[in-house]
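Each remark here refers to the structure printed beneath this line.
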Amino acid sequence: MKIRHVVESQQFTVPLLLQLFERTRMMEHIVRRGGTRDYERYIMGTLFYRPSTRTRFSFESAMYRLGGRVLSTEQAREFSSEVEGEQLEDTIRIIGHYCDVIVLRHHEEGGAKRAAAFSTVPVINAGDGEGGQHPTQALLDLYTIYNECKTLDGLSVALIGALDQGRTARSLAYLLGKFDRTKLYFIAPDEMQIKPDILEYLDKHNVSYECTSTADGILPHVDVVYQTRINRERLQKRDIDLTPYNIDGTVLASMKPDAIVMHPLPRSVEIDHAVDADPRAAYFRQTQNGLYLRMALLTMLLDNE
Amino acid sequence: MKIRHVVESQQFTVPLLLQLFERTRMMEHIVRRGGTRDYERYIMGTLFYRPSTRTRFSFESAMYRLGGRVLSTEQAREFSSEVEGEQLEDTIRIIGHYCDVIVLRHHEEGGAKRAAAFSTVPVINAGDGEGGQHPTQALLDLYTIYNECKTLDGLSVALIGALDQGRTARSLAYLLGKFDRTKLYFIAPDEMQIKPDILEYLDKHNVSYECTSTADGILPHVDVVYQTRINRERLQKRDIDLTPYNIDGTVLASMKPDAIVMHPLPRSVEIDHAVDADPRAAYFRQTQNGLYLRMALLTMLLDNE
Amino acid sequence: MKIRHVVESQQFTVPLLLQLFERTRMMEHIVRRGGTRDYERYIMGTLFYRPSTRTRFSFESAMYRLGGRVLSTEQAREFSSEVEGEQLEDTIRIIGHYCDVIVLRHHEEGGAKRAAAFSTVPVINAGDGEGGQHPTQALLDLYTIYNECKTLDGLSVALIGALDQGRTARSLAYLLGKFDRTKLYFIAPDEMQIKPDILEYLDKHNVSYECTSTADGILPHVDVVYQTRINRERLQKRDIDLTPYNIDGTVLASMKPDAIVMHPLPRSVEIDHAVDADPRAAYFRQTQNGLYLRMALLTMLLDNE
């Protein structure tokens with residue numbers, strides 16, 4: 001059960017997920033003890049064709065806590081002036097001479113897959129294209145649920161917001177569908193409801209779900225509320241009001257005492273700052289888990305080499 | 001006498017300044033011996049919303065000489081597309097998961113203070129806004145005077161140039177006002193003279209000063225000439241000639257043999273290159289001191305954690 | 001036979017080249033054994049006024065494999081807003097306080113020479129201006145030929161493409177001219193043929209060469225085919241077709257069994273991807289050699305300090 005590249009969340013079987021999460025927990029202990037130097041001979045290259053400081057820092061911090069080195073691009077612009085089709089393949093092969101693992105954020109859907117096909121070193125997809133994959137986000141989301149709820153079986157999870165676009169909600173729905181007795185609620189305005197391909201997948205795997213345009217009566221019963229990121233411009237263009245889907249103190253008060261609120265961050269207005277102080281607000285723990293999970297993934301790939 | 005964040009130079013009392021300067025001197029010895037590995041477990045994050053290679057390199061070199069690691073942004077642009085008010089708070093909390101100290105250069109006055117209020121790790125202000133603070137520059141300026149003049153009491157210091165804008169001159173005047181028998185000369189065209197708030201502060205603390213539009217007769221008697229940076233565009237717009245305020249060989253010849261010339265660098269024409277070879281030209285030693293001072297600050301903050 | 005800065009390939013005498021190449025070979029062994037920590041006290045500053053991720057990563061990876069630290073700029077933009085003439089000198093002196101060696105890519109021809117004149121630490125030219133020097137590329141090209149052909153004497157080398165502009169072809173021709181019985185073929189459309197200054201140099205040193213607008217009958221006899229990078233925009237503007245100069249399977253089939261094909265990369269269409277699998281395709285080994293050669297240069301300069 002070995003993986004060479006991390007391209008999409010679909011690669012991960014349930015046993016591999018649980019193995020990864022066990023390693024993630026170990027990484028938390030390692031960080032608390034001040035990190036390790038076990039990987040000091042390794043170099044990670046972060047090749048970001050689109051800037052994302054948070055994701056980049058998370059990976060780079062992970063590599064540092066393991067003792068390793070980092071080659072970094074904030075924005076690999078000059079590549080984009082080239083013939084794209086040919087370029088990425090050559091670039092990946094060249095960069096592969098300079099590091100032991102590549103973290104790639106590409107502007108085209110499928111960029112990571114193309115890179116992995118030609119790379120001589122492991123490639124981790126840190127997001128490709130708008131509709132593409134961002135598997136480490138999906139994995140850290142699932143790990144957070146596992147870590148907070150102590151199980152991944154029998155959970156009720158509400159996903160809220162502009163579900164048609166958010167790849168985080170899509171990937172998480174996909175991964176949760178692998179576990180027993182999952183119940184999913186997709187809460188969004190009709191025109192922003194989750195796309196049919198996910199629902200077909202859930203049907204095929206006998207996962208129970210409900211699509212609704214209102215959160216009323218649902219949030220008090222779920223174990224996890226996963227709020228998604230808002231693209232304001234898009235909302236304004238389409239004249240849609242997402243305010244009824246926001247989480248504030250009142251919504252929180254209605255929730256179960258051991259439920260959690262998640263968000264991939266950064267947020268806009270979709271979660272009120274008053275929620276932050278509540279122990280059920282799990283979104284900062286969620287980003288923290290991103291560090292541990294990425295350390296676990298890096299060691300998994302580097303140990304395989 | 002502990003500090004958690006470095007937000008503004010006003011935080012520093014005289015005892016804290018002297019303690020910091022003693023530590024700065026130690027750091028000079030450490031660098032001459034090839035640096036240390038004592039801080040190898042620590043990660044510094046440099047979060048620059050405005051690029052400044054020199055300041056960034058100074059901090060990052062400081063962290064490396066201490067043995068530590070660095071997460072770096074040359075320009076944290078993508079954040080700025082977000083709702084600013086909410087963003088910075090969340091960003092700082094997220095970045096705080098990935099490093100042990102944050103060095104922040106923000107485009108808004110007060111940005112560092114807002115960040116410090118929400119950060120879980122120490123924040124160092126590396127400049128915020130045009131009219132804002134840049135405390136490490138002020139501290140390294142003061143340290144340079146201390147190191148060159150062997151005292152901070154009884155000094156005559158001339159500050160020259162566009163004093164109304166330069167935050168370096170303002171901060172230095174503020175810090176010098178804390179020491180005994182300081183005499184300050186503010187030399188600038190009337191329309192660019194230092195602002196009244198600093199003068200009020202000096203009055204209140206019985207610091208002796210003079211404002212004048214000509215350097216004639218003053219420079220031969222001072223211990224320190226602090227020349228400020230010129231914003232050429234601004235001068236051209238307002239049709240002001242700062243040439244009479246430049247330092248060249250003739251001015252230098254009139255100065256005391258143990259006086260020094262300082263400048264925050266980079267310079268334009270305000271100090272002639274012919275001055276560089278004179279031992280009284282202290283501006284390159286000044287930038288060098290920036291390294292030691294930032295090392296001292298980093299260790300102070302990290303030791304407190 | 002010591003060098004302080006690496007500004008242009010002309011600095012390198014034959015004995016110095018051979019000494020460098022011996023060191024380069026040692027570096028290959030060091031990398032295969034997982035790198036060294038011998039240079040962990042050293043900091044390299046990469047100061048790139050023009051972005052070039054591949055060149056930057058090659059240098060930074062080299063420094064990491066030696067155990068060292070890296071201060072990095074992806075694009076040192078803010079400097080360019082300043083008065084250039086004065087700026088670079090001061091910048092180099094300031095940056096020299098923060099690192100032990102500077103790798104400079106400057107947008108002006110002669111930038112590296114100016115920097116070296118003022119620097120307190122060694123400067124390596126990583127490319128200056130369009131028509132300027134890029135000595136480490138020329139050196140790694142020559143090393144690749146040496147490493148692949150096991151000699152630098154008596155070689156037949158064909159240089160193909162837009163030879164009037166490519167500094168790589170010019171520098172390589174210059175360096176090859178230092179060795180015995182070299183035979184050079186410059187293959188390009190007439191309007192893009194190599195410039196007379198190189199030919200004058202070759203005449204003066206009795207190096208045999210031929211200029212031709214067709215590759216017919218030449219490639220089957222040479223030891224090295226050096227294909228250059230294409231600037232597509234320029235070709236389109238001048239309505240020139242370089243297709244007859246491309247390397248594909250047919251051209252390769254005509255070549256000697258122990259000949260090699262080189263290219264500075266990235267390529268466009270000038271070498272067909274079908275060529276990649278052939279052991280004679282040396283261009284990826286060539287970029288790999290860039291790592292070893294830059295390690296060798298860094299140690300040479302740092303050991304001299």
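Just so we're on the same page: first chain in the structure tokens is A, next is B, and so on; residues restart at 1 for each chain, and ligands are numbered from 1 in the order they show up.
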Leu297 of chain A environment, 8 Å, only C-alpha atoms, sequence neighbours closer than 4 positions dropped, as a list in words: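 In the requested format, the answer is Leu20, Leu293 and Leu301 of chain A.
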How about saving the chosen residues, N, CA, C and O atoms kept, as an mmCIF file, in the first residue's frame?
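This went into again13.cif:
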data_model
loop_
_atom_site.group_PDB
_atom_site.id
_atom_site.type_symbol
_atom_site.label_atom_id
_atom_site.label_comp_id
_atom_site.auth_asym_id
_atom_site.auth_seq_id
_atom_site.Cartn_x
_atom_site.Cartn_y
_atom_site.Cartn_z
ATOM 1 N N LEU A 20 -2.314 6.939 7.219
ATOM 2 C CA LEU A 20 -1.868 8.335 7.129
ATOM 3 C C LEU A 20 -2.220 9.109 8.400
ATOM 4 O O LEU A 20 -1.424 9.894 8.917
ATOM 5 N N LEU A 293 -0.536 16.884 8.993
ATOM 6 C CA LEU A 293 -0.884 16.001 7.887
ATOM 7 C C LEU A 293 0.133 16.105 6.755
ATOM 8 O O LEU A 293 0.510 15.101 6.147
ATOM 9 N N LEU A 301 6.018 9.750 1.510
ATOM 10 C CA LEU A 301 6.588 9.750 0.163
ATOM 11 C C LEU A 301 8.099 9.597 0.198
ATOM 12 O O LEU A 301 8.680 8.835 -0.582
#
Near chain B, which residues of chain A fall within 9 Å when you count only C-alpha atoms, and what do they look like as a PyMOL selection string? chain A and resi 34-36+51-54+57-62+64-65+67+69+72+74+265-269+273+284+287-288+291
Okay, now the selection with N, CA, C and O atoms, as an mmCIF file, in the first residue's frame?
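The result, stored in result-v9.cif:
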data_model
loop_
_atom_site.group_PDB
_atom_site.id
_atom_site.type_symbol
_atom_site.label_atom_id
_atom_site.label_comp_id
_atom_site.auth_asym_id
_atom_site.auth_seq_id
_atom_site.Cartn_x
_atom_site.Cartn_y
_atom_site.Cartn_z
ATOM 1 N N GLY A 34 9.437 19.683 19.541
ATOM 2 C CA GLY A 34 10.407 20.594 18.909
ATOM 3 C C GLY A 34 10.871 20.170 17.530
ATOM 4 O O GLY A 34 11.842 20.697 17.007
ATOM 5 N N GLY A 35 10.190 19.192 16.931
ATOM 6 C CA GLY A 35 10.570 18.771 15.575
ATOM 7 C C GLY A 35 11.662 17.721 15.594
ATOM 8 O O GLY A 35 12.130 17.303 16.657
ATOM 9 N N THR A 36 12.067 17.301 14.408
ATOM 10 C CA THR A 36 13.097 16.272 14.269
ATOM 11 C C THR A 36 14.131 16.736 13.257
ATOM 12 O O THR A 36 13.904 17.713 12.555
ATOM 13 N N PRO A 51 0.068 32.145 -6.511
ATOM 14 C CA PRO A 51 0.480 32.338 -5.121
ATOM 15 C C PRO A 51 -0.584 31.872 -4.136
ATOM 16 O O PRO A 51 -1.774 32.011 -4.380
ATOM 17 N N SER A 52 -0.154 31.280 -3.058
ATOM 18 C CA SER A 52 -1.029 30.932 -1.935
ATOM 19 C C SER A 52 -0.142 30.806 -0.721
ATOM 20 O O SER A 52 0.396 29.737 -0.434
ATOM 21 N N THR A 53 0.035 31.928 -0.033
ATOM 22 C CA THR A 53 0.999 31.960 1.062
ATOM 23 C C THR A 53 0.662 30.953 2.148
ATOM 24 O O THR A 53 1.544 30.292 2.680
ATOM 25 N N ARG A 54 -0.607 30.828 2.482
ATOM 26 C CA ARG A 54 -0.965 29.922 3.579
ATOM 27 C C ARG A 54 -0.615 28.475 3.261
ATOM 28 O O ARG A 54 0.023 27.789 4.052
ATOM 29 N N PHE A 57 3.228 28.098 3.114
ATOM 30 C CA PHE A 57 3.837 28.107 4.449
ATOM 31 C C PHE A 57 3.563 26.796 5.186
ATOM 32 O O PHE A 57 4.404 26.304 5.931
ATOM 33 N N SER A 58 2.372 26.258 5.004
ATOM 34 C CA SER A 58 2.024 25.021 5.697
ATOM 35 C C SER A 58 2.952 23.889 5.261
ATOM 36 O O SER A 58 3.489 23.148 6.093
ATOM 37 N N PHE A 59 3.160 23.767 3.955
ATOM 38 C CA PHE A 59 4.070 22.738 3.445
ATOM 39 C C PHE A 59 5.513 23.014 3.876
ATOM 40 O O PHE A 59 6.239 22.115 4.280
ATOM 41 N N GLU A 60 5.922 24.264 3.761
ATOM 42 C CA GLU A 60 7.324 24.585 4.055
ATOM 43 C C GLU A 60 7.618 24.423 5.540
ATOM 44 O O GLU A 60 8.683 23.934 5.922
ATOM 45 N N SER A 61 6.656 24.807 6.375
ATOM 46 C CA SER A 61 6.824 24.610 7.809
ATOM 47 C C SER A 61 6.915 23.116 8.117
ATOM 48 O O SER A 61 7.740 22.681 8.932
ATOM 49 N N ALA A 62 6.072 22.323 7.452
ATOM 50 C CA ALA A 62 6.109 20.867 7.630
ATOM 51 C C ALA A 62 7.510 20.328 7.327
ATOM 52 O O ALA A 62 8.075 19.540 8.091
ATOM 53 N N TYR A 64 10.341 21.970 7.326
ATOM 54 C CA TYR A 64 11.299 22.457 8.323
ATOM 55 C C TYR A 64 11.198 21.680 9.633
ATOM 56 O O TYR A 64 12.197 21.371 10.261
ATOM 57 N N ARG A 65 9.974 21.392 10.071
ATOM 58 C CA ARG A 65 9.807 20.657 11.336
ATOM 59 C C ARG A 65 10.379 19.243 11.223
ATOM 60 O O ARG A 65 10.690 18.604 12.220
ATOM 61 N N GLY A 67 13.154 18.805 9.637
ATOM 62 C CA GLY A 67 14.589 19.025 9.528
ATOM 63 C C GLY A 67 15.072 19.341 8.119
ATOM 64 O O GLY A 67 16.247 19.612 7.922
ATOM 65 N N ARG A 69 15.078 20.984 3.965
ATOM 66 C CA ARG A 69 15.333 22.264 3.309
ATOM 67 C C ARG A 69 14.226 22.557 2.314
ATOM 68 O O ARG A 69 13.545 21.638 1.861
ATOM 69 N N SER A 72 11.872 27.513 -2.900
ATOM 70 C CA SER A 72 10.538 28.086 -2.899
ATOM 71 C C SER A 72 10.309 29.063 -4.055
ATOM 72 O O SER A 72 11.184 29.843 -4.407
ATOM 73 N N GLU A 74 7.307 31.859 -4.953
ATOM 74 C CA GLU A 74 6.060 32.493 -4.543
ATOM 75 C C GLU A 74 5.110 32.527 -5.734
ATOM 76 O O GLU A 74 3.922 32.331 -5.614
ATOM 77 N N LEU A 265 -10.850 28.344 5.590
ATOM 78 C CA LEU A 265 -10.163 29.628 5.772
ATOM 79 C C LEU A 265 -9.377 30.021 4.508
ATOM 80 O O LEU A 265 -8.940 29.143 3.779
ATOM 81 N N PRO A 266 -9.194 31.271 4.181
ATOM 82 C CA PRO A 266 -9.679 32.416 4.945
ATOM 83 C C PRO A 266 -11.180 32.602 4.779
ATOM 84 O O PRO A 266 -11.740 32.272 3.754
ATOM 85 N N ARG A 267 -11.781 33.170 5.808
ATOM 86 C CA ARG A 267 -13.216 33.414 5.747
ATOM 87 C C ARG A 267 -13.475 34.874 5.418
ATOM 88 O O ARG A 267 -12.597 35.720 5.563
ATOM 89 N N SER A 268 -14.672 35.121 5.015
ATOM 90 C CA SER A 268 -15.121 36.491 4.854
ATOM 91 C C SER A 268 -16.127 36.706 5.998
ATOM 92 O O SER A 268 -15.720 36.709 7.155
ATOM 93 N N VAL A 269 -17.408 36.835 5.683
ATOM 94 C CA VAL A 269 -18.410 37.069 6.751
ATOM 95 C C VAL A 269 -19.168 35.801 7.113
ATOM 96 O O VAL A 269 -20.050 35.839 7.964
ATOM 97 N N HIS A 273 -17.105 36.352 13.994
ATOM 98 C CA HIS A 273 -15.953 36.243 14.896
ATOM 99 C C HIS A 273 -16.347 35.853 16.322
ATOM 100 O O HIS A 273 -15.517 35.337 17.069
ATOM 101 N N PHE A 284 -9.462 26.789 13.427
ATOM 102 C CA PHE A 284 -8.032 27.059 13.616
ATOM 103 C C PHE A 284 -7.272 25.764 13.929
ATOM 104 O O PHE A 284 -6.131 25.587 13.496
ATOM 105 N N THR A 287 -6.530 24.216 10.509
ATOM 106 C CA THR A 287 -5.322 24.661 9.792
ATOM 107 C C THR A 287 -4.072 24.108 10.475
ATOM 108 O O THR A 287 -3.104 23.753 9.815
ATOM 109 N N GLN A 288 -4.132 24.037 11.807
ATOM 110 C CA GLN A 288 -3.006 23.460 12.532
ATOM 111 C C GLN A 288 -2.786 22.008 12.099
ATOM 112 O O GLN A 288 -1.654 21.571 11.890
ATOM 113 N N LEU A 291 -0.569 21.241 9.076
ATOM 114 C CA LEU A 291 0.867 21.082 9.278
ATOM 115 C C LEU A 291 1.221 19.619 9.532
ATOM 116 O O LEU A 291 2.107 19.056 8.878
#
Which of segment 167-242 of chain B fall in strand (DSSP E), as a PyMOL selection string: chain B and resi 183-187+208-212+224-227
Export of the given selection (all heavy atoms) as a short mmCIF file (atom, residue, chain, number, x, y, z; two decimals), in the first residue's frame:
data_model
loop_
_atom_site.label_atom_id
_atom_site.label_comp_id
_atom_site.auth_asym_id
_atom_site.auth_seq_id
_atom_site.Cartn_x
_atom_site.Cartn_y
_atom_site.Cartn_z
N LYS B 183 21.16 67.08 22.74
CA LYS B 183 20.85 68.31 22.01
C LYS B 183 20.58 67.95 20.56
O LYS B 183 21.44 67.36 19.89
CB LYS B 183 22.04 69.28 22.10
CG LYS B 183 21.88 70.55 21.27
CD LYS B 183 20.88 71.53 21.89
CE LYS B 183 20.49 72.64 20.93
NZ LYS B 183 21.19 73.91 21.17
N LEU B 184 19.36 68.27 20.10
CA LEU B 184 18.97 67.89 18.75
C LEU B 184 18.89 69.11 17.84
O LEU B 184 18.39 70.16 18.25
CB LEU B 184 17.60 67.19 18.76
CG LEU B 184 17.52 65.90 19.56
CD1 LEU B 184 16.08 65.39 19.62
CD2 LEU B 184 18.43 64.84 18.95
N TYR B 185 19.38 68.97 16.61
CA TYR B 185 19.23 70.00 15.59
C TYR B 185 18.40 69.44 14.44
O TYR B 185 18.79 68.42 13.85
CB TYR B 185 20.59 70.45 15.05
CG TYR B 185 21.47 71.06 16.11
CD1 TYR B 185 22.34 70.28 16.87
CD2 TYR B 185 21.41 72.44 16.36
CE1 TYR B 185 23.13 70.85 17.85
CE2 TYR B 185 22.21 73.02 17.34
CZ TYR B 185 23.07 72.22 18.09
OH TYR B 185 23.86 72.78 19.06
N PHE B 186 17.27 70.06 14.15
CA PHE B 186 16.45 69.63 13.02
C PHE B 186 16.71 70.57 11.86
O PHE B 186 16.29 71.74 11.90
CB PHE B 186 14.97 69.62 13.40
CG PHE B 186 14.65 68.69 14.53
CD1 PHE B 186 14.38 69.18 15.81
CD2 PHE B 186 14.64 67.31 14.33
CE1 PHE B 186 14.10 68.32 16.86
CE2 PHE B 186 14.35 66.44 15.38
CZ PHE B 186 14.08 66.95 16.65
N ILE B 187 17.40 70.07 10.84
CA ILE B 187 17.82 70.93 9.74
C ILE B 187 17.06 70.53 8.47
O ILE B 187 17.27 69.45 7.92
CB ILE B 187 19.35 70.80 9.52
CG1 ILE B 187 20.09 71.08 10.83
CG2 ILE B 187 19.81 71.73 8.41
CD1 ILE B 187 21.57 70.79 10.79
N SER B 208 16.63 69.59 24.86
CA SER B 208 17.03 70.79 24.16
C SER B 208 17.07 70.55 22.66
O SER B 208 17.59 69.53 22.20
CB SER B 208 18.43 71.17 24.68
OG SER B 208 18.94 72.24 23.97
N TYR B 209 16.50 71.46 21.86
CA TYR B 209 16.54 71.29 20.41
C TYR B 209 16.51 72.63 19.71
O TYR B 209 16.19 73.66 20.31
CB TYR B 209 15.38 70.41 19.92
CG TYR B 209 14.03 71.01 20.13
CD1 TYR B 209 13.48 71.90 19.20
CD2 TYR B 209 13.28 70.71 21.27
CE1 TYR B 209 12.23 72.47 19.41
CE2 TYR B 209 12.04 71.27 21.49
CZ TYR B 209 11.51 72.14 20.55
OH TYR B 209 10.29 72.72 20.75
N GLU B 210 16.83 72.61 18.42
CA GLU B 210 16.79 73.79 17.55
C GLU B 210 16.27 73.37 16.18
O GLU B 210 16.72 72.34 15.66
CB GLU B 210 18.20 74.34 17.34
CG GLU B 210 18.42 75.73 17.88
CD GLU B 210 19.89 76.13 17.77
OE1 GLU B 210 20.36 76.40 16.65
OE2 GLU B 210 20.57 76.11 18.83
N CYS B 211 15.36 74.16 15.62
CA CYS B 211 14.92 73.90 14.25
C CYS B 211 15.51 74.99 13.36
O CYS B 211 15.40 76.18 13.68
CB CYS B 211 13.39 73.96 14.14
SG CYS B 211 12.58 72.63 15.02
N THR B 212 16.10 74.59 12.24
CA THR B 212 16.73 75.58 11.38
C THR B 212 16.66 75.14 9.92
O THR B 212 16.56 73.95 9.64
CB THR B 212 18.21 75.81 11.80
OG1 THR B 212 18.94 76.30 10.68
CG2 THR B 212 18.84 74.52 12.25
N VAL B 224 26.88 63.61 15.86
CA VAL B 224 26.24 62.72 14.88
C VAL B 224 25.49 63.56 13.85
O VAL B 224 24.72 64.46 14.22
CB VAL B 224 25.22 61.78 15.56
CG1 VAL B 224 24.52 60.90 14.51
CG2 VAL B 224 25.90 60.92 16.62
N VAL B 225 25.72 63.27 12.57
CA VAL B 225 24.89 63.84 11.50
C VAL B 225 24.05 62.70 10.94
O VAL B 225 24.59 61.72 10.42
CB VAL B 225 25.76 64.45 10.37
CG1 VAL B 225 24.86 64.91 9.23
CG2 VAL B 225 26.59 65.59 10.91
N TYR B 226 22.74 62.83 11.10
CA TYR B 226 21.85 61.79 10.59
C TYR B 226 21.15 62.32 9.35
O TYR B 226 20.24 63.14 9.44
CB TYR B 226 20.82 61.39 11.66
CG TYR B 226 20.09 60.11 11.32
CD1 TYR B 226 20.48 58.89 11.86
CD2 TYR B 226 19.00 60.11 10.44
CE1 TYR B 226 19.82 57.71 11.55
CE2 TYR B 226 18.34 58.94 10.11
CZ TYR B 226 18.76 57.75 10.67
OH TYR B 226 18.10 56.58 10.35
N GLN B 227 21.61 61.86 8.20
CA GLN B 227 21.05 62.28 6.91
C GLN B 227 19.89 61.33 6.57
O GLN B 227 20.02 60.12 6.76
CB GLN B 227 22.16 62.21 5.86
CG GLN B 227 21.79 62.53 4.44
CD GLN B 227 21.36 63.96 4.22
OE1 GLN B 227 20.18 64.27 4.43
NE2 GLN B 227 22.26 64.82 3.81
#
Backbone-only DSSP, helix (DSSP H, G or I) members of segment 51-151 of chain A, as JSON, numbers by chain: {"A": [53, 54, 55, 56, 57, 58, 59, 60, 61, 62, 63, 64, 65, 77, 78, 79, 80, 84, 85, 86, 87, 88, 89, 90, 91, 92, 93, 94, 95, 111, 112, 113, 114, 115, 116, 117, 118, 135, 136, 137, 138, 139, 140, 141, 142, 143, 144, 145, 146, 147, 148, 149]}
Work out how far apart atom CA of Gly290 of chain B and atom CA of Tyr143 of chain B are and give it in Å to one decimal.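 Separation between atom CA of Gly290 of chain B and atom CA of Tyr143 of chain B: 8.9 Å.
Nearest to His107 of chain A of all the residues A:Leu152, A:Ala126, A:Leu175, A:Ala169 is A:Ala126, counting only C-alpha atoms.
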Which neighbours of Pro189 of chain C fall inside 12 Å, counting only C-alpha atoms, when residues of the same chain fewer than 4 positions from it are skipped, and could you give them as a ChimeraX atom specification? /C:160-164,193-194,211-215,235,238-245
How would the residues just chosen look if you wrote them out with N, CA, C and O atoms as a compact mmCIF listing (two decimals), in the first residue's frame?
# COMPACT_ATOMS: atom_id res chain seq x y z
N ILE C 160 23.74 25.00 -33.36
CA ILE C 160 22.62 25.20 -34.29
C ILE C 160 21.58 26.16 -33.73
O ILE C 160 21.26 26.10 -32.54
N GLY C 161 21.01 26.98 -34.60
CA GLY C 161 19.86 27.80 -34.20
C GLY C 161 20.10 29.28 -34.44
O GLY C 161 20.85 29.66 -35.33
N ALA C 162 19.44 30.12 -33.63
CA ALA C 162 19.58 31.57 -33.76
C ALA C 162 20.87 31.98 -33.06
O ALA C 162 20.85 32.49 -31.94
N LEU C 163 21.99 31.78 -33.73
CA LEU C 163 23.30 31.93 -33.08
C LEU C 163 23.69 33.38 -32.83
O LEU C 163 24.57 33.66 -32.02
N ASP C 164 23.05 34.31 -33.51
CA ASP C 164 23.42 35.71 -33.33
C ASP C 164 23.03 36.22 -31.93
O ASP C 164 23.63 37.15 -31.41
N GLN C 193 23.29 34.12 -38.23
CA GLN C 193 24.58 33.48 -38.06
C GLN C 193 25.36 34.14 -36.90
O GLN C 193 25.06 35.28 -36.51
N ILE C 194 26.29 33.41 -36.33
CA ILE C 194 27.07 33.91 -35.19
C ILE C 194 27.83 35.18 -35.59
O ILE C 194 28.22 35.36 -36.74
N CYS C 211 30.98 28.15 -41.19
CA CYS C 211 29.64 28.73 -41.04
C CYS C 211 28.79 28.25 -42.20
O CYS C 211 29.21 28.36 -43.36
N THR C 212 27.60 27.75 -41.90
CA THR C 212 26.77 27.21 -42.97
C THR C 212 25.29 27.41 -42.63
O THR C 212 24.92 27.53 -41.46
N SER C 213 24.47 27.47 -43.68
CA SER C 213 23.04 27.67 -43.44
C SER C 213 22.28 26.34 -43.49
O SER C 213 21.07 26.30 -43.38
N THR C 214 23.01 25.24 -43.66
CA THR C 214 22.33 23.94 -43.67
C THR C 214 23.11 22.91 -42.86
O THR C 214 24.34 22.93 -42.84
N ALA C 215 22.36 22.04 -42.19
CA ALA C 215 22.99 21.01 -41.37
C ALA C 215 23.37 19.79 -42.19
O ALA C 215 24.06 18.88 -41.71
N LEU C 235 11.29 35.14 -34.10
CA LEU C 235 11.20 34.43 -35.38
C LEU C 235 10.00 34.91 -36.17
O LEU C 235 10.07 35.16 -37.37
N ARG C 238 10.39 38.28 -37.74
CA ARG C 238 11.28 38.31 -38.91
C ARG C 238 10.92 37.26 -39.94
O ARG C 238 11.63 37.08 -40.92
N ASP C 239 9.82 36.54 -39.67
CA ASP C 239 9.30 35.58 -40.65
C ASP C 239 10.36 34.54 -41.06
O ASP C 239 10.56 34.27 -42.25
N ILE C 240 11.04 34.01 -40.06
CA ILE C 240 12.07 33.01 -40.34
C ILE C 240 11.58 31.64 -39.88
O ILE C 240 10.98 31.52 -38.81
N ASP C 241 11.84 30.64 -40.67
CA ASP C 241 11.45 29.27 -40.32
C ASP C 241 12.69 28.51 -39.86
O ASP C 241 13.63 28.30 -40.62
N LEU C 242 12.69 28.10 -38.57
CA LEU C 242 13.85 27.36 -38.05
C LEU C 242 13.61 25.85 -38.11
O LEU C 242 14.45 25.08 -37.65
N THR C 243 12.44 25.43 -38.63
CA THR C 243 12.10 24.01 -38.65
C THR C 243 13.22 23.12 -39.24
O THR C 243 13.52 22.06 -38.69
N PRO C 244 13.86 23.56 -40.35
CA PRO C 244 14.91 22.70 -40.92
C PRO C 244 16.07 22.46 -39.96
O PRO C 244 16.91 21.58 -40.19
N TYR C 245 16.14 23.27 -38.89
CA TYR C 245 17.24 23.13 -37.94
C TYR C 245 16.86 22.30 -36.72
O TYR C 245 17.66 22.09 -35.83
